[in-house]
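Input: a single structure, listed below in structure tokens.
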Amino acid sequence: MNLIIRLLLTAVAVVVLAKFLPGVEVAGFTSAIVLAIVLGLLNMILKPILVILTLPITILTLGLFLLVINACIILLADEFMGGFEVNGFWIALLFSLLLSFLQSVLYSLLDRD
């Protein structure tokens with residue numbers, strides 16, 4: 001049940017960010033839910049592999065390269081999804097930062113109950 005609520009909260013965060021960020025478009029709430037599932041799968045499967053492969057550069061940049069990995073995962077989700085558009089790397093980077101922030105705020109409200 002908690003997983004479904006987290007997916008719905010992520011979808012809400014995606015829709016809110018798509019309204020305010022120029023260069024990010026979501027076709028509807030259904031596309032946002034599918035995007036939340038795709039992002040969850042990419043973060044679960046692909047992100048650990050990328051983190052291990054880029055460990056030397058991540059250490060060299062004191063962890064800031066993880067932001068680049070997050071933006072690449074957003075761009076990869078853009079390629080997989082038909083109802084989701086991100087116009088460029090910098091918008092994907094800003095989107096991933098704001099999405100992480102909104103998710104942490106929404107998840108902390110969920111954990112209070």
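Following the order of the structure tokens, chains are lettered A, B, ..., residues in each are numbered from 1, and ligands are numbered from 1.
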
For this session: Mind checking which residues fall within 8 Å of Ile69 in chain A, counting only C-alpha atoms, ignoring those fewer than 4 positions away in the same chain, and posting them as a list of chain:residue names?
Result: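 Once the nearby chain positions are removed, what remains is A:Lys47, A:Leu50, A:Val51, A:Phe65, A:Ile73.
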
Could those selected residues go to a file with N, CA and C atoms, as a short mmCIF file (atom, residue, chain, number, x, y, z; two decimals), in the first residue's frame?
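File part.cif, as written:
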```
data_model
loop_
_atom_site.label_atom_id
_atom_site.label_comp_id
_atom_site.auth_asym_id
_atom_site.auth_seq_id
_atom_site.Cartn_x
_atom_site.Cartn_y
_atom_site.Cartn_z
N LYS A 47 20.49 2.59 -12.08
CA LYS A 47 21.28 3.55 -11.31
C LYS A 47 22.41 2.89 -10.51
N LEU A 50 25.24 2.24 -12.93
CA LEU A 50 25.92 3.47 -13.33
C LEU A 50 26.78 4.04 -12.21
N VAL A 51 26.31 3.93 -10.99
CA VAL A 51 27.08 4.44 -9.85
C VAL A 51 28.37 3.65 -9.68
N PHE A 65 28.85 14.10 -9.42
CA PHE A 65 28.54 13.39 -10.66
C PHE A 65 27.24 12.61 -10.55
N ILE A 73 19.16 9.66 -16.20
CA ILE A 73 18.03 8.76 -15.99
C ILE A 73 16.72 9.45 -16.38
#
```

For this session: Just the residues within 12 Å of range 29-40 of chain A, please, counting only C-alpha atoms, with nothing from its chain fewer than 3 positions along; format it as JSON, numbers by chain.
Result: {"A": [3, 4, 5, 6, 7, 8, 9, 10, 11, 12, 13, 14, 15, 16, 17, 18, 19, 24, 25, 26, 43, 44, 45, 46, 47, 70, 71, 72, 73, 74, 75, 76, 77, 78, 79, 80, 81, 82, 83, 84, 85, 96, 99, 100, 103]}

Would you output that residue set with N, CA and C atoms, as a CSV table (one decimal), in the first residue's frame?
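Written file, out12.csv:
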```csv
chain,number,residue,atom,x,y,z
A,3,LEU,N,3.8,1.6,-1.3
A,3,LEU,CA,4.4,1.7,-2.6
A,3,LEU,C,3.5,2.5,-3.5
A,4,ILE,N,2.2,2.1,-3.5
A,4,ILE,CA,1.2,2.8,-4.3
A,4,ILE,C,1.1,4.2,-4.0
A,5,ILE,N,1.0,4.5,-2.7
A,5,ILE,CA,0.9,5.9,-2.3
A,5,ILE,C,2.1,6.7,-2.7
A,6,ARG,N,3.3,6.1,-2.6
A,6,ARG,CA,4.5,6.8,-3.0
A,6,ARG,C,4.5,7.1,-4.5
A,7,LEU,N,4.1,6.1,-5.3
A,7,LEU,CA,4.0,6.3,-6.7
A,7,LEU,C,3.0,7.4,-7.1
A,8,LEU,N,1.9,7.5,-6.4
A,8,LEU,CA,0.9,8.5,-6.6
A,8,LEU,C,1.5,9.9,-6.2
A,9,LEU,N,2.2,9.9,-5.1
A,9,LEU,CA,2.8,11.2,-4.7
A,9,LEU,C,3.9,11.7,-5.7
A,10,THR,N,4.7,10.7,-6.2
A,10,THR,CA,5.6,11.0,-7.3
A,10,THR,C,5.0,11.6,-8.5
A,11,ALA,N,3.8,10.9,-8.9
A,11,ALA,CA,3.1,11.4,-10.1
A,11,ALA,C,2.6,12.8,-9.9
A,12,VAL,N,2.1,13.1,-8.7
A,12,VAL,CA,1.6,14.5,-8.4
A,12,VAL,C,2.8,15.5,-8.5
A,13,ALA,N,3.9,15.1,-7.9
A,13,ALA,CA,5.1,15.9,-8.0
A,13,ALA,C,5.5,16.2,-9.5
A,14,VAL,N,5.4,15.2,-10.3
A,14,VAL,CA,5.8,15.3,-11.7
A,14,VAL,C,4.8,16.3,-12.4
A,15,VAL,N,3.5,16.1,-12.1
A,15,VAL,CA,2.6,17.0,-12.7
A,15,VAL,C,2.8,18.5,-12.3
A,16,VAL,N,3.0,18.7,-11.0
A,16,VAL,CA,3.3,20.0,-10.5
A,16,VAL,C,4.5,20.6,-11.1
A,17,LEU,N,5.6,19.9,-11.2
A,17,LEU,CA,6.8,20.4,-11.8
A,17,LEU,C,6.6,20.7,-13.3
A,18,ALA,N,5.8,19.8,-14.0
A,18,ALA,CA,5.6,20.1,-15.4
A,18,ALA,C,4.8,21.3,-15.7
A,19,LYS,N,4.0,21.7,-14.7
A,19,LYS,CA,3.2,23.0,-14.8
A,19,LYS,C,4.1,24.2,-14.7
A,24,VAL,N,9.5,21.0,-19.7
A,24,VAL,CA,9.0,19.7,-19.2
A,24,VAL,C,7.5,19.6,-19.5
A,25,GLU,N,7.1,18.6,-20.2
A,25,GLU,CA,5.7,18.4,-20.5
A,25,GLU,C,5.3,17.0,-20.2
A,26,VAL,N,4.1,16.9,-19.6
A,26,VAL,CA,3.5,15.6,-19.3
A,26,VAL,C,2.1,15.6,-19.9
A,43,ASN,N,15.7,3.7,-11.5
A,43,ASN,CA,16.5,3.9,-10.3
A,43,ASN,C,16.8,2.6,-9.6
A,44,MET,N,16.0,1.6,-9.7
A,44,MET,CA,16.2,0.4,-9.0
A,44,MET,C,17.2,-0.5,-9.8
A,45,ILE,N,17.1,-0.5,-11.1
A,45,ILE,CA,18.0,-1.4,-12.0
A,45,ILE,C,19.2,-0.7,-12.5
A,46,LEU,N,19.1,0.4,-13.1
A,46,LEU,CA,20.2,1.0,-13.9
A,46,LEU,C,21.1,1.9,-13.0
A,47,LYS,N,20.5,2.6,-12.1
A,47,LYS,CA,21.3,3.5,-11.3
A,47,LYS,C,22.4,2.9,-10.5
A,70,ASN,N,21.5,11.3,-12.3
A,70,ASN,CA,20.1,11.5,-12.2
A,70,ASN,C,19.5,12.2,-13.4
A,71,ALA,N,20.2,13.1,-14.0
A,71,ALA,CA,19.7,13.8,-15.2
A,71,ALA,C,19.7,12.9,-16.4
A,72,CYS,N,20.6,12.0,-16.5
A,72,CYS,CA,20.7,11.0,-17.6
A,72,CYS,C,19.5,10.0,-17.4
A,73,ILE,N,19.2,9.7,-16.2
A,73,ILE,CA,18.0,8.8,-16.0
A,73,ILE,C,16.7,9.4,-16.4
A,74,ILE,N,16.6,10.7,-16.1
A,74,ILE,CA,15.4,11.5,-16.5
A,74,ILE,C,15.4,11.5,-18.1
A,75,LEU,N,16.5,11.8,-18.7
A,75,LEU,CA,16.5,11.8,-20.2
A,75,LEU,C,16.2,10.4,-20.8
A,76,LEU,N,16.7,9.4,-20.1
A,76,LEU,CA,16.4,8.0,-20.6
A,76,LEU,C,14.9,7.7,-20.4
A,77,ALA,N,14.3,8.2,-19.3
A,77,ALA,CA,12.8,8.0,-19.2
A,77,ALA,C,12.1,8.8,-20.2
A,78,ASP,N,12.6,9.9,-20.6
A,78,ASP,CA,12.0,10.7,-21.7
A,78,ASP,C,12.0,9.9,-23.0
A,79,GLU,N,13.1,9.1,-23.3
A,79,GLU,CA,13.2,8.3,-24.5
A,79,GLU,C,12.2,7.1,-24.4
A,80,PHE,N,12.0,6.6,-23.2
A,80,PHE,CA,11.1,5.4,-23.1
A,80,PHE,C,9.6,5.8,-23.2
A,81,MET,N,9.3,7.0,-22.7
A,81,MET,CA,7.9,7.5,-22.5
A,81,MET,C,7.4,8.3,-23.7
A,82,GLY,N,6.2,8.1,-24.1
A,82,GLY,CA,5.6,8.9,-25.2
A,82,GLY,C,5.0,10.2,-24.7
A,83,GLY,N,4.4,10.2,-23.5
A,83,GLY,CA,3.7,11.3,-22.9
A,83,GLY,C,4.5,12.2,-22.1
A,84,PHE,N,5.9,12.1,-22.1
A,84,PHE,CA,6.7,12.9,-21.3
A,84,PHE,C,7.8,13.4,-22.1
A,85,GLU,N,8.1,14.8,-22.0
A,85,GLU,CA,9.1,15.4,-22.8
A,85,GLU,C,10.0,16.3,-21.9
A,96,SER,N,15.3,16.9,-12.1
A,96,SER,CA,15.7,15.8,-11.1
A,96,SER,C,15.9,16.4,-9.7
A,99,LEU,N,12.5,17.4,-8.4
A,99,LEU,CA,11.7,16.2,-8.1
A,99,LEU,C,12.1,15.5,-6.8
A,100,SER,N,13.4,15.4,-6.6
A,100,SER,CA,14.0,14.8,-5.4
A,100,SER,C,13.6,15.6,-4.2
A,103,GLN,N,9.8,15.1,-3.6
A,103,GLN,CA,9.6,13.7,-3.1
A,103,GLN,C,9.9,13.6,-1.6
```

Exercise. Which residues in chain A does DSSP call alpha helix (DSSP H)? List them as a PyMOL selection string.
Worked result: chain A and resi 2-20+29-53+55-60+65-80+89-112

For this session: Work out how far CA of Asn87 in chain A is from CA of Leu21 in chain A, in Å to one decimal.
Result: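 A separation of 10.5 Å between them.
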
Can you tell me which residues surround Thr54 in chain A at a distance of at most 12 Å, considering only C-alpha atoms, apart from same-chain residues fewer than 6 positions away, and format the answer as an mmCIF file with C-alpha atoms, in the first residue's frame?
```
data_model
loop_
_atom_site.group_PDB
_atom_site.id
_atom_site.type_symbol
_atom_site.label_atom_id
_atom_site.label_comp_id
_atom_site.auth_asym_id
_atom_site.auth_seq_id
_atom_site.Cartn_x
_atom_site.Cartn_y
_atom_site.Cartn_z
ATOM 1 C CA LYS A 47 21.285 3.547 -11.306
ATOM 2 C CA PRO A 48 23.327 1.139 -9.118
ATOM 3 C CA LEU A 60 36.829 12.816 -7.856
ATOM 4 C CA THR A 61 33.875 15.235 -7.993
ATOM 5 C CA GLY A 63 29.604 13.025 -5.365
ATOM 6 C CA LEU A 64 28.422 15.767 -7.703
ATOM 7 C CA PHE A 65 28.539 13.390 -10.659
ATOM 8 C CA LEU A 66 25.511 11.654 -9.157
ATOM 9 C CA VAL A 68 24.587 13.963 -13.844
ATOM 10 C CA ILE A 69 23.497 10.336 -13.441
#
```

So which residues of chain A fall under strand (DSSP E) by DSSP, listed as a compact mmCIF listing (two decimals) with C-alpha atoms, in the first residue's frame?
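And here is the file that came out, selection.txt:
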```
# COMPACT_ATOMS: atom_id res chain seq x y z
CA VAL A 24 9.00 19.74 -19.23
CA GLU A 25 5.71 18.40 -20.54
CA VAL A 26 3.50 15.58 -19.29
CA PHE A 84 6.74 12.87 -21.27
CA GLU A 85 9.09 15.43 -22.80
CA VAL A 86 12.21 17.09 -21.42
```
